[in-house]
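Everything below concerns the one structure shown next.
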Amino acid sequence: MTYDFIKACQGDPDDSAWKTLWEAAQAADERTRATSRQPRRSRAARSTSRNTARDAFRGSVSVIAPEPVAASPPTSTVPPPDPRQARTDRQFRLQLRRLRAWAGNPRPGQRLPRSTMYDALHPAKSGLPDLAVVRIIVEMCHGDADAWIDVWRRLMMAEFDRVNPDIEDLD
C-alpha cells in the first residue's frame, strides 16, 4: 500500500529516503504499542467484547431506567410568592426570583438551559421573559402555573396597550 501511495504522489518508491521514513514510522509505532497499557485489538474485537459484556449483564440483571424525579414541593408554613403583587415587568421578575428562592433554588435541569433561566430572572433585564420559560420555571419551583401565566398575560397586554394606543385615543 505504501508503494502505491508513493507512486500516486509522483514519488520514486525505490528512493532510500522513503524506506528510511517508513522504518522510522514503524519503529515509533512499535514503541507506542509496547508502552500502551492494553494490547491493541481490532475494532471488531473491541466491539464484540463490549457487546458480549453488555449482553451478559443484561441477561443477569433486570435493568429499568429510572424516571426523572422532580424535587418535591417545599414543605413550609411560608406561602409562596404571589405573582399578583407584580405591577411591572421588573416586579414580575423579582417575584419569579422569590419563587425560585422559596423553592430552594432548584437547578434548571434538562428542560431549560441554565443561561436561559438566569436571563429570565436577571434583575437588570427589561420586558417580560418568554411565557414558555416562565411556565418551566414555575413548574420547576412548584408554583401555581395558572396564576403566574394570568399575571404574565395581564402585564403583557398592559405593555401592548401602552405601546399600541387605540385609534380613538389618538383623536
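Residue numbering restarts at 1 in every chain; chains get A, B, ... in the order shown in the C-alpha cells, and ligands count up from 1 in that same order.
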
Show me, as an mmCIF file with N, CA and C atoms, in the first residue's frame, the residues that have an atom within 10 Å of A:Asn105 when counting only C-alpha atoms, minus same-chain residues fewer than 5 positions from it.
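In the end it all went to out38.cif:
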```cif
data_model
loop_
_atom_site.group_PDB
_atom_site.id
_atom_site.type_symbol
_atom_site.label_atom_id
_atom_site.label_comp_id
_atom_site.auth_asym_id
_atom_site.auth_seq_id
_atom_site.Cartn_x
_atom_site.Cartn_y
_atom_site.Cartn_z
ATOM 1 N N ARG A 97 -37.935 35.448 40.887
ATOM 2 C CA ARG A 97 -36.715 35.122 41.643
ATOM 3 C C ARG A 97 -37.069 34.703 43.072
ATOM 4 N N ARG A 98 -38.065 35.375 43.651
ATOM 5 C CA ARG A 98 -38.509 34.993 45.004
ATOM 6 C C ARG A 98 -39.073 33.578 45.013
ATOM 7 N N LEU A 99 -39.838 33.246 43.984
ATOM 8 C CA LEU A 99 -40.397 31.894 43.892
ATOM 9 C C LEU A 99 -39.273 30.860 43.843
ATOM 10 N N ARG A 100 -38.268 31.140 43.054
ATOM 11 C CA ARG A 100 -37.144 30.205 42.946
ATOM 12 C C ARG A 100 -36.435 30.073 44.298
ATOM 13 N N MET A 140 -40.955 24.085 37.766
ATOM 14 C CA MET A 140 -39.755 23.598 38.427
ATOM 15 C C MET A 140 -39.771 23.980 39.911
ATOM 16 N N CYS A 141 -40.370 25.130 40.216
ATOM 17 C CA CYS A 141 -40.415 25.638 41.592
ATOM 18 C C CYS A 141 -41.720 25.279 42.303
#
```

> Can you list, as JSON, numbers by chain, every protein, DNA or RNA residue that comes within 10 Å of A:Arg111 when you count only C-alpha atoms, leaving out same-chain residues fewer than 4 positions away?
Replying inline: {"A": [133, 136, 137, 140]}

File of the preceding selection, N, CA and C atoms, as a compact mmCIF listing (two decimals), in the first residue's frame:
```
# COMPACT_ATOMS: atom_id res chain seq x y z
N VAL A 133 -40.74 29.97 29.07
CA VAL A 133 -39.69 29.95 30.10
C VAL A 133 -40.30 30.16 31.48
N ILE A 136 -41.95 26.92 32.65
CA ILE A 136 -40.98 25.90 33.09
C ILE A 136 -40.42 26.26 34.46
N ILE A 137 -40.07 27.52 34.66
CA ILE A 137 -39.52 27.94 35.96
C ILE A 137 -40.56 27.74 37.06
N MET A 140 -40.96 24.08 37.77
CA MET A 140 -39.75 23.60 38.43
C MET A 140 -39.77 23.98 39.91
```

> With only C-alpha atoms as the atoms that count, which of A:Arg84, A:Arg114, A:Arg33, A:Lys7 lies nearest to A:Val151?
Replying inline: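 With only C-alpha atoms as the atom set, the closest residue is A:Arg84.
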
> Taking only C-alpha atoms into account, which of A:Gln26, A:Pro80, A:Cys9, A:Pro129 comes nearest A:Asp144?
Replying inline: A:Pro80

> With only C-alpha atoms as the atoms that count, which of A:Gly127, A:Gly104, A:Pro113, A:Gly143 lies nearest to A:Pro83?
Replying inline: A:Gly143
